[in-house]
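A.B. asks: Data file protein-v8.txt (compact mmCIF, C-alpha atoms) is appended below.
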```
# COMPACT_ATOMS: atom_id res chain seq x y z
CA MET A 1 104.28 112.53 95.42
CA ASP A 2 100.71 111.44 95.06
CA PHE A 3 100.44 107.72 94.30
CA SER A 4 97.37 106.04 92.85
CA SER A 5 98.24 102.86 94.75
CA LYS A 6 99.08 102.19 98.40
CA LEU A 7 101.10 99.12 97.41
CA LEU A 8 103.20 101.22 95.08
CA GLU A 9 103.58 103.93 97.69
CA GLN A 10 104.83 101.44 100.29
CA ALA A 11 107.33 99.83 97.93
CA VAL A 12 108.69 103.25 96.95
CA ALA A 13 108.88 104.33 100.62
CA GLU A 14 110.89 101.23 101.58
CA MET A 15 113.15 101.45 98.53
CA SER A 16 113.93 105.11 99.15
CA GLN A 17 115.33 104.28 102.60
CA LEU A 18 118.42 102.89 100.90
CA PRO A 19 121.34 105.32 100.92
CA GLY A 20 121.54 107.52 97.84
CA VAL A 21 118.10 106.42 96.59
CA GLY A 22 115.60 109.29 96.46
CA LYS A 23 111.84 109.00 95.88
CA ARG A 24 112.20 109.48 92.14
CA THR A 25 114.90 106.82 91.77
CA ALA A 26 112.92 104.47 94.03
CA LEU A 27 109.86 104.88 91.79
CA ARG A 28 111.95 104.19 88.69
CA LEU A 29 113.41 101.01 90.24
CA VAL A 30 110.02 99.78 91.45
CA LEU A 31 108.34 100.43 88.06
CA HIS A 32 111.22 98.53 86.45
CA LEU A 33 110.52 95.51 88.68
CA LEU A 34 106.83 95.69 87.70
CA LYS A 35 107.77 95.38 84.03
CA GLN A 36 110.02 92.36 84.67
CA PRO A 37 108.82 88.79 85.31
CA ALA A 38 107.59 88.32 88.91
CA ASP A 39 110.48 85.87 89.47
CA GLN A 40 113.00 88.66 89.51
CA THR A 41 111.25 90.42 92.41
CA THR A 42 110.89 87.15 94.32
CA GLN A 43 114.55 86.31 93.85
CA LEU A 44 115.70 89.77 94.90
CA SER A 45 113.54 89.64 98.03
CA GLU A 46 114.65 86.14 98.96
CA ALA A 47 118.32 86.95 98.43
CA LEU A 48 118.05 89.99 100.71
CA VAL A 49 116.13 88.20 103.47
CA ASN A 50 118.42 85.15 103.26
CA LEU A 51 121.48 87.33 103.55
CA ARG A 52 120.08 89.34 106.45
CA THR A 53 118.94 86.33 108.46
CA LYS A 54 121.60 83.71 107.69
CA ILE A 55 124.79 85.74 107.40
CA LYS A 56 127.53 85.09 109.96
CA LEU A 57 130.62 86.97 111.02
CA CYS A 58 133.83 84.94 111.07
CA ASN A 59 134.71 84.02 114.69
CA ASN A 60 138.32 84.95 114.14
CA CYS A 61 138.46 88.00 111.84
CA HIS A 62 134.80 89.23 111.99
CA ASN A 63 134.54 89.34 108.21
CA ILE A 64 131.20 88.52 106.59
CA SER A 65 131.07 84.77 106.05
CA ASP A 66 128.68 81.87 105.43
CA THR A 67 130.54 79.71 107.96
CA GLU A 68 131.81 80.03 111.54
CA LEU A 69 135.36 80.50 110.27
CA CYS A 70 135.76 82.39 106.98
CA GLU A 71 137.57 81.02 103.92
CA ILE A 72 140.65 83.13 104.56
CA CYS A 73 140.98 82.24 108.25
CA SER A 74 140.48 78.54 107.54
CA ASN A 75 142.99 78.52 104.68
CA LYS A 76 146.10 76.61 105.84
CA ASN A 77 148.31 78.41 103.30
CA ARG A 78 147.80 81.87 104.79
CA ILE A 79 150.45 83.32 107.09
CA ARG A 80 148.76 83.39 110.51
CA GLU A 81 151.41 85.61 112.15
CA ILE A 82 150.53 88.73 110.14
CA VAL A 83 147.17 90.46 110.62
CA CYS A 84 145.92 93.34 108.50
CA VAL A 85 143.43 95.63 110.26
CA VAL A 86 140.71 96.94 107.92
CA GLU A 87 137.40 98.74 108.22
CA ASP A 88 135.02 96.42 106.37
CA ILE A 89 134.63 93.64 103.82
CA ARG A 90 135.15 96.01 100.90
CA ASP A 91 138.71 96.65 102.04
CA VAL A 92 139.32 92.90 102.38
CA MET A 93 138.07 92.43 98.80
CA ALA A 94 140.26 95.28 97.53
CA ILE A 95 143.41 93.89 99.17
CA GLU A 96 142.61 90.31 98.08
CA ASN A 97 142.30 91.56 94.50
CA THR A 98 145.94 92.69 94.55
CA SER A 99 147.14 89.11 95.25
CA GLN A 100 149.99 90.74 97.19
CA TYR A 101 148.95 89.74 100.72
CA ARG A 102 149.13 86.27 102.24
CA GLY A 103 148.35 87.04 105.89
CA LEU A 104 145.03 87.19 107.75
CA TYR A 105 142.66 90.11 108.34
CA HIS A 106 140.89 91.69 111.27
CA VAL A 107 137.69 93.52 110.28
CA LEU A 108 136.88 96.36 112.71
CA GLY A 109 133.37 97.02 111.39
CA GLY A 110 133.96 100.77 111.12
CA LYS A 111 136.15 103.58 112.39
CA ILE A 112 136.05 105.49 115.66
CA SER A 113 133.84 108.47 114.86
CA PRO A 114 132.31 110.41 117.77
CA MET A 115 130.32 112.50 115.24
CA ASP A 116 128.43 109.35 114.17
CA GLY A 117 128.27 108.03 117.74
CA ILE A 118 130.76 105.23 117.05
CA GLY A 119 133.16 104.58 119.92
CA PRO A 120 135.83 101.88 120.37
CA SER A 121 133.33 99.53 122.07
CA GLN A 122 131.19 99.28 118.91
CA LEU A 123 134.21 98.01 116.96
CA THR A 124 136.03 94.69 117.31
CA ILE A 125 139.12 96.31 118.87
CA LYS A 126 138.93 94.32 122.13
CA SER A 127 138.93 91.04 120.25
CA LEU A 128 142.01 92.17 118.31
CA ILE A 129 143.92 93.03 121.48
CA GLU A 130 143.02 89.65 122.98
CA LYS A 131 144.24 87.84 119.85
CA VAL A 132 147.54 89.70 120.13
CA LYS A 133 147.82 88.81 123.85
CA VAL A 134 147.80 85.09 122.96
CA GLY A 135 151.23 85.82 121.52
CA GLU A 136 151.11 84.20 118.09
CA ILE A 137 150.74 87.41 116.06
CA GLU A 138 154.03 88.99 115.01
CA GLU A 139 152.87 91.94 112.94
CA ILE A 140 149.79 94.16 112.78
CA ILE A 141 149.36 96.12 109.54
CA PHE A 142 147.06 99.14 109.78
CA ALA A 143 145.14 99.57 106.52
CA LEU A 144 142.35 102.02 107.42
CA SER A 145 141.52 104.87 105.11
CA SER A 146 143.69 107.94 105.54
CA THR A 147 141.11 110.22 107.20
CA LEU A 148 140.85 111.85 110.60
CA GLU A 149 138.70 108.93 111.79
CA GLY A 150 141.07 106.36 110.29
CA ASP A 151 144.12 107.96 111.91
CA THR A 152 142.31 108.23 115.26
CA THR A 153 141.38 104.55 115.14
CA ASN A 154 144.92 103.51 114.20
CA PHE A 155 146.32 105.54 117.07
CA TYR A 156 143.79 104.21 119.58
CA ILE A 157 144.63 100.61 118.69
CA PHE A 158 148.35 101.42 118.74
CA LYS A 159 148.02 102.75 122.31
CA GLN A 160 146.03 99.69 123.39
CA LEU A 161 148.77 97.46 122.01
CA GLY A 162 151.39 99.28 124.13
CA GLY A 163 153.47 96.82 126.14
CA LEU A 164 152.50 93.85 123.98
CA LYS A 165 155.25 92.31 121.91
CA VAL A 166 154.03 92.89 118.35
CA LYS A 167 155.41 94.78 115.37
CA THR A 168 153.09 97.42 113.90
CA SER A 169 153.18 98.88 110.41
CA THR A 170 150.92 100.91 108.17
CA ILE A 171 150.37 100.63 104.43
CA ALA A 172 152.45 103.06 102.35
CA ARG A 173 150.88 106.35 101.28
CA GLY A 174 152.29 107.92 98.16
CA ILE A 175 151.76 108.80 94.54
CA SER A 176 149.51 106.30 92.75
CA VAL A 177 151.22 104.15 90.16
CA GLY A 178 150.75 105.87 86.78
CA ASP A 179 149.97 109.29 88.28
CA GLU A 180 151.70 112.50 87.19
CA LEU A 181 153.61 114.25 89.99
CA GLU A 182 152.30 117.69 89.11
CA TYR A 183 148.69 116.67 89.81
CA ALA A 184 149.38 114.95 93.16
CA ASP A 185 148.17 116.76 96.28
CA GLU A 186 150.84 118.31 98.51
CA VAL A 187 150.28 116.12 101.55
CA THR A 188 150.55 112.89 99.59
CA LEU A 189 153.60 114.09 97.63
CA GLY A 190 155.22 115.30 100.87
CA ARG A 191 154.67 111.95 102.57
CA SER A 192 155.96 110.04 99.58
CA ILE A 193 159.23 111.99 99.81
CA THR A 194 159.55 111.64 103.60
CA ASN A 195 158.83 107.91 103.42
CA ARG A 196 161.00 107.21 100.39
CA ILE A 197 162.28 103.64 100.06
CA PRO A 198 165.61 102.23 98.78
CA PHE A 199 165.54 102.08 94.98
CA GLU A 200 166.43 98.37 94.97
CA GLY A 201 163.39 97.75 97.17
CA SER A 202 161.09 99.36 94.60
CA LEU A 203 162.11 96.84 91.94
CA LYS A 204 160.55 93.89 93.77
CA ASN A 205 157.07 94.11 92.27
CA MET B 1 134.63 90.74 92.58
CA ASP B 2 135.61 87.95 94.90
CA PHE B 3 133.13 87.56 97.74
CA SER B 4 133.81 85.71 100.98
CA SER B 5 130.14 84.74 101.19
CA LYS B 6 127.77 83.12 98.70
CA LEU B 7 124.80 84.77 100.41
CA LEU B 8 126.39 88.17 99.96
CA GLU B 9 127.30 87.39 96.36
CA GLN B 10 123.72 86.38 95.52
CA ALA B 11 122.22 89.47 97.14
CA VAL B 12 124.63 91.71 95.25
CA ALA B 13 123.94 89.88 91.97
CA GLU B 14 120.17 90.35 92.35
CA MET B 15 120.47 93.97 93.45
CA SER B 16 122.74 94.84 90.54
CA GLN B 17 120.05 93.75 88.07
CA LEU B 18 118.18 96.96 88.86
CA PRO B 19 118.70 99.66 86.23
CA GLY B 20 121.56 102.03 87.02
CA VAL B 21 122.82 99.88 89.89
CA GLY B 22 126.32 98.48 89.29
CA LYS B 23 128.11 95.82 91.34
CA ARG B 24 129.78 98.40 93.55
CA THR B 25 126.57 100.29 94.31
CA ALA B 26 124.77 96.99 94.90
CA LEU B 27 127.43 95.97 97.43
CA ARG B 28 127.11 99.34 99.20
CA LEU B 29 123.31 99.01 99.40
CA VAL B 30 123.47 95.42 100.64
CA LEU B 31 126.12 96.23 103.29
CA HIS B 32 123.91 99.11 104.41
CA LEU B 33 120.98 96.71 104.90
CA LEU B 34 123.24 94.43 106.96
CA LYS B 35 124.01 97.29 109.35
CA GLN B 36 120.31 98.15 109.79
CA PRO B 37 117.82 96.20 111.93
CA ALA B 38 116.60 93.04 110.18
CA ASP B 39 113.09 94.55 110.09
CA GLN B 40 114.09 96.99 107.40
CA THR B 41 115.13 94.20 105.03
CA THR B 42 111.98 92.21 105.78
CA GLN B 43 109.76 95.22 105.15
CA LEU B 44 111.53 96.10 101.90
CA SER B 45 111.20 92.52 100.65
CA GLU B 46 107.56 92.24 101.64
CA ALA B 47 106.66 95.57 100.06
CA LEU B 48 108.29 94.53 96.78
CA VAL B 49 106.68 91.08 96.67
CA ASN B 50 103.29 92.48 97.72
CA LEU B 51 103.45 95.08 95.00
CA ARG B 52 104.53 92.61 92.33
CA THR B 53 101.90 90.00 93.17
CA LYS B 54 98.90 92.09 94.21
CA ILE B 55 99.09 95.12 91.94
CA LYS B 56 96.27 95.66 89.43
CA LEU B 57 95.89 97.78 86.35
CA CYS B 58 92.75 99.93 86.24
CA ASN B 59 90.18 98.33 83.92
CA ASN B 60 89.41 101.65 82.29
CA CYS B 61 92.65 103.66 82.05
CA HIS B 62 95.28 100.90 82.66
CA ASN B 63 97.00 102.96 85.35
CA ILE B 64 98.57 101.12 88.31
CA SER B 65 95.91 100.71 90.97
CA ASP B 66 95.00 98.68 94.05
CA THR B 67 91.44 98.28 92.82
CA GLU B 68 89.65 97.22 89.62
CA LEU B 69 88.85 100.84 88.84
CA CYS B 70 91.45 103.43 89.86
CA GLU B 71 90.73 106.43 92.10
CA ILE B 72 90.69 108.83 89.18
CA CYS B 73 88.36 106.76 86.98
CA SER B 74 85.98 106.12 89.88
CA ASN B 75 85.92 109.81 90.90
CA LYS B 76 82.48 111.24 89.98
CA ASN B 77 83.86 114.79 89.82
CA ARG B 78 86.24 114.12 86.91
CA ILE B 79 85.20 115.10 83.40
CA ARG B 80 84.70 111.75 81.61
CA GLU B 81 84.52 113.27 78.12
CA ILE B 82 88.21 114.29 78.04
CA VAL B 83 90.96 111.64 77.99
CA CYS B 84 94.65 112.44 78.28
CA VAL B 85 96.93 109.82 76.66
CA VAL B 86 100.18 109.29 78.60
CA GLU B 87 103.04 106.81 78.64
CA ASP B 88 103.06 105.63 82.25
CA ILE B 89 102.07 106.35 85.84
CA ARG B 90 104.86 108.90 86.30
CA ASP B 91 103.23 111.14 83.71
CA VAL B 92 99.86 110.77 85.44
CA MET B 93 101.51 111.82 88.72
CA ALA B 94 103.22 114.77 87.06
CA ILE B 95 100.00 116.06 85.49
CA GLU B 96 97.98 115.44 88.68
CA ASN B 97 100.55 117.53 90.58
CA THR B 98 99.71 120.56 88.45
CA SER B 99 96.03 120.46 89.61
CA GLN B 100 95.18 121.84 86.15
CA TYR B 101 93.49 118.78 84.68
CA ARG B 102 90.06 117.44 85.56
CA GLY B 103 89.59 114.79 82.86
CA LEU B 104 90.53 111.10 82.79
CA TYR B 105 93.72 109.39 81.58
CA HIS B 106 94.63 106.54 79.30
CA VAL B 107 97.97 104.91 80.17
CA LEU B 108 99.62 103.35 77.11
CA GLY B 109 102.32 101.48 79.03
CA GLY B 110 105.10 102.74 76.76
CA LYS B 111 105.76 104.22 73.33
CA ILE B 112 106.00 102.54 69.92
CA SER B 113 109.71 101.78 69.61
CA PRO B 114 110.80 99.20 67.03
CA MET B 115 114.39 99.50 68.35
CA ASP B 116 113.25 98.07 71.71
CA GLY B 117 110.85 95.63 70.08
CA ILE B 118 107.74 97.51 71.22
CA GLY B 119 104.96 97.59 68.63
CA PRO B 120 101.40 98.96 68.86
CA SER B 121 100.06 95.58 70.05
CA GLN B 122 102.11 95.71 73.28
CA LEU B 123 100.48 99.02 74.19
CA THR B 124 96.87 99.68 75.21
CA ILE B 125 96.06 101.47 71.93
CA LYS B 126 93.31 99.04 70.89
CA SER B 127 91.47 99.59 74.15
CA LEU B 128 91.68 103.37 73.64
CA ILE B 129 90.20 103.14 70.14
CA GLU B 130 87.37 100.97 71.44
CA LYS B 131 86.60 103.45 74.21
CA VAL B 132 86.38 106.21 71.61
CA LYS B 133 84.09 104.08 69.40
CA VAL B 134 81.53 103.93 72.24
CA GLY B 135 81.05 107.62 71.47
CA GLU B 136 81.20 109.25 74.89
CA ILE B 137 84.70 110.72 74.57
CA GLU B 138 84.79 114.21 73.08
CA GLU B 139 88.51 115.02 73.22
CA ILE B 140 91.76 113.08 73.25
CA ILE B 141 94.80 115.00 74.54
CA PHE B 142 98.18 113.57 73.48
CA ALA B 143 100.73 114.05 76.28
CA LEU B 144 103.59 111.76 75.29
CA SER B 145 107.16 112.97 75.55
CA SER B 146 108.37 114.95 72.58
CA THR B 147 110.71 112.36 71.07
CA LEU B 148 110.76 110.41 67.81
CA GLU B 149 109.00 107.51 69.57
CA GLY B 150 106.46 109.82 71.21
CA ASP B 151 105.64 111.54 67.92
CA THR B 152 105.37 108.18 66.12
CA THR B 153 102.97 106.88 68.75
CA ASN B 154 100.85 110.04 68.62
CA PHE B 155 100.65 109.80 64.85
CA TYR B 156 99.79 106.09 64.89
CA ILE B 157 96.92 106.66 67.32
CA PHE B 158 95.77 109.70 65.32
CA LYS B 159 95.57 107.56 62.17
CA GLN B 160 93.66 104.82 64.03
CA LEU B 161 91.16 107.41 65.21
CA GLY B 162 90.53 108.53 61.61
CA GLY B 163 86.80 108.55 60.84
CA LEU B 164 85.78 108.56 64.48
CA LYS B 165 84.07 111.69 65.77
CA VAL B 166 86.54 112.92 68.40
CA LYS B 167 88.57 116.09 68.83
CA THR B 168 92.33 115.59 69.23
CA SER B 169 94.82 117.98 70.77
CA THR B 170 98.38 117.88 72.03
CA ILE B 171 99.94 119.60 75.04
CA ALA B 172 101.69 122.88 74.22
CA ARG B 173 105.44 122.86 73.64
CA GLY B 174 107.29 126.07 74.33
CA ILE B 175 109.66 127.97 76.57
CA SER B 176 109.48 126.79 80.20
CA VAL B 177 108.02 129.32 82.62
CA GLY B 178 110.94 131.21 84.16
CA ASP B 179 113.40 130.30 81.38
CA GLU B 180 115.55 132.89 79.59
CA LEU B 181 114.91 133.06 75.82
CA GLU B 182 118.61 133.14 74.92
CA TYR B 183 119.19 129.68 76.44
CA ALA B 184 116.18 127.97 74.83
CA ASP B 185 116.93 125.49 72.06
CA GLU B 186 116.01 126.55 68.52
CA VAL B 187 113.34 123.93 67.89
CA THR B 188 111.45 124.75 71.08
CA LEU B 189 111.73 128.50 70.53
CA GLY B 190 110.64 128.06 66.90
CA ARG B 191 107.57 126.05 67.90
CA SER B 192 106.66 128.50 70.63
CA ILE B 193 106.58 131.30 68.03
CA THR B 194 104.64 129.28 65.44
CA ASN B 195 102.10 128.15 68.05
CA ARG B 196 101.73 131.53 69.75
CA ILE B 197 98.46 132.11 71.60
CA PRO B 198 96.30 135.24 72.03
CA PHE B 199 97.74 137.39 74.81
CA GLU B 200 94.40 137.47 76.65
CA GLY B 201 94.45 133.65 76.69
CA SER B 202 97.81 133.62 78.45
CA LEU B 203 96.44 135.55 81.41
CA LYS B 204 94.09 132.74 82.46
CA ASN B 205 96.50 130.91 84.78
```
Using structure tokens, write down the structure from this file.
C.D. replies:
Amino acid sequence: MDFSSKLLEQAVAEMSQLPGVGKRTALRLVLHLLKQPADQTTQLSEALVNLRTKIKLCNNCHNISDTELCEICSNKNRIREIVCVVEDIRDVMAIENTSQYRGLYHVLGGKISPMDGIGPSQLTIKSLIEKVKVGEIEEIIFALSSTLEGDTTNFYIFKQLGGLKVKTSTIARGISVGDELEYADEVTLGRSITNRIPFEGSLKN
Amino acid sequence: MDFSSKLLEQAVAEMSQLPGVGKRTALRLVLHLLKQPADQTTQLSEALVNLRTKIKLCNNCHNISDTELCEICSNKNRIREIVCVVEDIRDVMAIENTSQYRGLYHVLGGKISPMDGIGPSQLTIKSLIEKVKVGEIEEIIFALSSTLEGDTTNFYIFKQLGGLKVKTSTIARGISVGDELEYADEVTLGRSITNRIPFEGSLKN
């Protein structure tokens, strides 16, 4: 693209570095900002820089937080003996939205993925193992996404936990509530039969 | 969404004010920036603020420009007697990419659209008429998009030009080069038959 303005060109170049934002979309977004009051651009810029420079990771669970200890970890009403292992803050938000979980979290910051150059040392696995070694955690719930990388990460952590006295579990995989059986994929349907639960147990929720 | 961090919440709120960016996409973009070096966020913010505060509109054609007179208007090799009327900078870029036009532009800044509260006074129509009155412009080419608003705007300008000695033309509408006739819409195909051109003329490009 041939821009009539270097300023415009730079703004579009920076904007199009965001994932899923091509040059055309970047230009559309930047032209939109030009039509809005200057305040909007200032506020967007300040919010981004503030976030990037001031954000902290919780000392205990490594979730994104404004304080040294996040709201969940510092909440006295949460069950401190159960820890749910997730990939990132989006999973924490998704589980919190269900209002079905009262334990703490441990945010790994990703999944083991040799293809993307991510090994166990880039994740917060060591810190998890050390928390378990202290001896106050009774159960670890694995809640990573059900992919090759997710399964690999689960298994790696499981092996590292070997010998330590802690219960491990994984979230149930099965047919989504409201879904028709005939449209479910075979693997999911197969697992949901293998891992069937007592009927009385299903009435709890 | 329930964020664990006010900083994160603010950044997502600002980002999701961009057109076509929902809360989920905004969160994905912001989390991406957090994983990148802080430089990237700083550069994005600076580029946006620089653009918004320093950008100028060309005194002659109203296109976005870093200088008082844009590169096209200050280019001695352009034909100053022909002016192509377009909606915004994207149309200028599209026409420039064809390398088929050697005249100048006049950027309206939008189309007349009562539904969006945009009347003739918000556009640069008055300045166009005044340029024509000076008497140096020989031809005005209308190149607005072929919509109700585009046609209305063309017609409004055409009426305003009434009495002034200037030729007016509009870009040709027809079947796209490479398109199959059977898939063309009726209106376009109809117009392309009505506005057929001498066969010798079509060999020029």
A.B. asks: What is the atom CA of B:His106 to atom CA of B:Val85 distance in Å?
C.D. replies: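 Going from atom CA of B:His106 over to atom CA of B:Val85 covers 4.8 Å.
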A.B. asks: Would you mind listing, as a ChimeraX atom specification, all residues of chain A that have at least one atom within 8 Å of chain B, where all atoms listed in the file are what counts?
C.D. replies: /A:1-8,10-11,14-15,18-19,29-30,32-34,38,40-53,55,64-66,70-71,93,97
A.B. asks: Just how far from atom CA of B:Thr170 is atom CA of B:Ile141, in Å to one decimal?
C.D. replies: 5.2 Å
A.B. asks: Could you tell me how far atom CA of A:Val134 lies from atom CA of A:Ile157, in Å and to one decimal?
C.D. replies: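 Going from atom CA of A:Val134 over to atom CA of A:Ile157 covers 16.4 Å.
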A.B. asks: What residues have an atom no more than 10 Å from (93.3, 103.4, 64.7) in the file's own frame, counting only C-alpha atoms, and can you write them as a list in words?
C.D. replies: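 Within 10 Å of (93.3, 103.4, 64.7), the protein and nucleic acid residues are Ile125, Lys126, Leu128, Ile129, Glu130, Phe155, Tyr156, Ile157, Phe158, Lys159, Gln160, Leu161, Gly162, Gly163 and Leu164 of chain B.
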A.B. asks: Keeping C-alpha atoms for every residue in the selection just given, could you write it to a file as a PDB file, in the coordinates of the input?
C.D. replies:
```pdb
ATOM      1  CA  ILE B 125      96.060 101.470  71.930  1.00  0.00           C
ATOM      2  CA  LYS B 126      93.310  99.040  70.890  1.00  0.00           C
ATOM      3  CA  LEU B 128      91.680 103.370  73.640  1.00  0.00           C
ATOM      4  CA  ILE B 129      90.200 103.140  70.140  1.00  0.00           C
ATOM      5  CA  GLU B 130      87.370 100.970  71.440  1.00  0.00           C
ATOM      6  CA  PHE B 155     100.650 109.800  64.850  1.00  0.00           C
ATOM      7  CA  TYR B 156      99.790 106.090  64.890  1.00  0.00           C
ATOM      8  CA  ILE B 157      96.920 106.660  67.320  1.00  0.00           C
ATOM      9  CA  PHE B 158      95.770 109.700  65.320  1.00  0.00           C
ATOM     10  CA  LYS B 159      95.570 107.560  62.170  1.00  0.00           C
ATOM     11  CA  GLN B 160      93.660 104.820  64.030  1.00  0.00           C
ATOM     12  CA  LEU B 161      91.160 107.410  65.210  1.00  0.00           C
ATOM     13  CA  GLY B 162      90.530 108.530  61.610  1.00  0.00           C
ATOM     14  CA  GLY B 163      86.800 108.550  60.840  1.00  0.00           C
ATOM     15  CA  LEU B 164      85.780 108.560  64.480  1.00  0.00           C
TER      16      LEU B 164
END
```
A.B. asks: Under the rule that only C-alpha atoms are counted, which of B:Arg78, B:Lys111, B:Arg196, B:Arg191 is the nearest residue to B:Leu144?
C.D. replies: B:Lys111
A.B. asks: Can you pull out the residues contacting B:Ile137? Cut-off 10 Å, using all atoms listed in the file, and skip same-chain residues under 5 positions away; I want them as a list in words.
C.D. replies: Ile79, Arg80, Glu81, Ile82, Val83, Lys131, Val132, Lys165, Val166 and Lys167 of chain B
A.B. asks: Using all atoms listed in the file, pick whichever of A:Ile140, A:Val86, A:Leu148, A:Ile95 has the shortest atom-to-atom distance to A:Pro114.
C.D. replies: A:Leu148
A.B. asks: Using all atoms listed in the file, which protein or nucleic acid residues come within 9 Å of A:Cys61? Drop anything in the same chain fewer than 6 positions from it, and give the result as a list of chain:residue names.
C.D. replies: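 After dropping sequence-adjacent residues, the list is A:Leu69, A:Cys70, A:Cys73, A:Leu104, A:Tyr105, A:His106, A:Val107, A:Leu108, A:Thr124, A:Ser127, A:Leu128.
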